[in-house]
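These notes concern the structure reproduced below.
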Amino acid sequence: MKYTLAVLFLISAVSMYGQKFGYVDTQVLLMDMPDVKEANSNIETFTTQLQKKGQDMIKSLQSKAQDLERKQAQGEISPMQLETEAQKLKDEETTIMKFEQESQQKIMKKREDLLLPLRNRIQTAISDVAAENGYTYIFDLSTGFVLYAEKSTDVGDLVKAKLGL
């Protein structure tokens, strides 16, 4: 809330000098886009598929572990065979943990692949609206970031000169 008030104060103070400011909530825009709903559905489906595969791997491991315990309890397996089979189960457990980590990475990549073009469309629309309507700055209400800044307000060269760069 403090940040929102600071942004609003800044906007009102600077707007007295003829610069035009605006804001938008990109989260609301994203949620209103039909393409985002479709992308989220695809991400959910992908996530569910990976979770099911992981659960199947865990069930298989649990079944093998129970079978090994049964063989040990009934004396059907030698200590050396038990050690070998136990190591196989540990290796399989490591594989499952690796699968889970890779799954999270795949989900994040899928999300980025599907949502990045939509974010780019929003950014293009924001830039177009700013240019068409004479806005100097447009802020994102959901993050507080500047989404658009008129190039003429860039003071980078002046700061470099001041620093002797």
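We label chains A, B, ... in the order they appear in the structure tokens, count residues from 1 in each chain, and number ligands from 1 in the order shown.
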Residue contacts of Thr47 of chain A (10 Å, only C-alpha atoms) excluding same-chain residues fewer than 2 positions away, as a PyMOL selection string: chain A and resi 41-45+49-53+103-104+106-108+110
Could you save the residues just selected, with N, CA and C atoms, as a tab-separated table (two decimals), in the first residue's frame?
chain	number	residue	atom	x	y	z
A	41	SER	N	-4.24	-24.07	-18.90
A	41	SER	CA	-4.82	-25.40	-19.03
A	41	SER	C	-3.77	-26.39	-19.56
A	42	ASN	N	-3.00	-25.95	-20.56
A	42	ASN	CA	-1.94	-26.81	-21.11
A	42	ASN	C	-0.87	-27.10	-20.06
A	43	ILE	N	-0.53	-26.09	-19.28
A	43	ILE	CA	0.47	-26.27	-18.22
A	43	ILE	C	-0.05	-27.24	-17.17
A	44	GLU	N	-1.33	-27.10	-16.81
A	44	GLU	CA	-1.94	-28.01	-15.83
A	44	GLU	C	-1.93	-29.46	-16.33
A	45	THR	N	-2.29	-29.64	-17.59
A	45	THR	CA	-2.30	-30.98	-18.18
A	45	THR	C	-0.89	-31.57	-18.17
A	49	GLN	N	0.42	-34.87	-16.08
A	49	GLN	CA	1.07	-36.01	-16.73
A	49	GLN	C	2.39	-36.35	-16.04
A	50	LEU	N	3.19	-35.32	-15.75
A	50	LEU	CA	4.46	-35.57	-15.08
A	50	LEU	C	4.25	-36.10	-13.66
A	51	GLN	N	3.25	-35.56	-12.96
A	51	GLN	CA	2.97	-36.03	-11.60
A	51	GLN	C	2.54	-37.49	-11.62
A	52	LYS	N	1.71	-37.86	-12.59
A	52	LYS	CA	1.26	-39.25	-12.69
A	52	LYS	C	2.43	-40.18	-12.95
A	53	LYS	N	3.31	-39.77	-13.86
A	53	LYS	CA	4.49	-40.60	-14.14
A	53	LYS	C	5.34	-40.75	-12.88
A	103	SER	N	11.30	-32.53	-13.67
A	103	SER	CA	9.90	-32.22	-13.95
A	103	SER	C	9.58	-30.77	-13.60
A	104	GLN	N	10.07	-30.32	-12.44
A	104	GLN	CA	9.84	-28.93	-12.03
A	104	GLN	C	10.46	-27.97	-13.04
A	106	LYS	N	11.03	-28.62	-16.22
A	106	LYS	CA	10.25	-28.72	-17.46
A	106	LYS	C	8.95	-27.91	-17.35
A	107	ILE	N	8.33	-27.96	-16.20
A	107	ILE	CA	7.09	-27.20	-15.98
A	107	ILE	C	7.38	-25.70	-16.06
A	108	MET	N	8.45	-25.25	-15.42
A	108	MET	CA	8.80	-23.84	-15.48
A	108	MET	C	9.12	-23.42	-16.92
A	110	LYS	N	8.00	-24.85	-19.69
A	110	LYS	CA	6.73	-24.88	-20.44
A	110	LYS	C	5.93	-23.61	-20.14
Residue neighbourhood Asn40 of chain A, 9 Å, only C-alpha atoms, exclusion window fewer than 4 positions, as a list in words: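 Counting only the stated atoms, we get Asp35, Val36, Glu44, Thr45, Arg111, Leu114 and Leu115 of chain A.
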Spatial neighbours of Ile138 of chain A, 10 Å, only C-alpha atoms, chain gap at least 3 places, as a list in words: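 Answer for this query is Ile11, Lys20, Phe21, Gly22, Tyr23, Val24, Ile126, Ser127, Val129, Ala130, Tyr135, Leu141, Gly144, Phe145, Val146, Leu147, Tyr148, Ala149 and Glu150 of chain A.
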Backbone DSSP call of helix (DSSP H, G or I) for chain A, listed as an MDAnalysis selection string: chainID A and resid 2:15 26:32 34:73 79:133 151:153 156:163
Interatomic distance (Å, one decimal) between atom CA of Thr95 of chain A and atom CA of Ile58 of chain A: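 Calculated distance between atom CA of Thr95 of chain A and atom CA of Ile58 of chain A is 10.3 Å.
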Which residue of A:Ala39, A:Ala65, A:Ala73, A:Met33 approaches Gln87 of chain A most closely, using only C-alpha atoms: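 Using only C-alpha atoms, Gln87 of chain A sits closest to A:Ala65.
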Separation of atom CA of Thr84 of chain A from atom CA of Ser60 of chain A in Å: 17.6 Å
Which of segment 38-150 of chain A fall in strand (DSSP E or B), as a list of chain:residue names: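 Taking segment 38-150 of chain A and keeping strand (DSSP E or B) gives A:Tyr137, A:Ile138, A:Phe139, A:Asp140, A:Val146, A:Leu147, A:Tyr148, A:Ala149.
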Writer output for current selection, C-alpha atoms, as a PDB file, in the first residue's frame:
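Listed below is the output, out.pdb:
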ATOM      1  CA  TYR A 137       5.875   6.617 -18.293  1.00  0.00           C
ATOM      2  CA  ILE A 138       3.593   3.668 -17.694  1.00  0.00           C
ATOM      3  CA  PHE A 139       3.913   1.702 -14.463  1.00  0.00           C
ATOM      4  CA  ASP A 140       2.802  -1.823 -13.687  1.00  0.00           C
ATOM      5  CA  VAL A 146       8.223   0.903 -15.222  1.00  0.00           C
ATOM      6  CA  LEU A 147       6.844  -0.807 -18.320  1.00  0.00           C
ATOM      7  CA  TYR A 148       7.343   2.096 -20.661  1.00  0.00           C
ATOM      8  CA  ALA A 149       9.587   5.147 -20.561  1.00  0.00           C
TER       9      ALA A 149
END
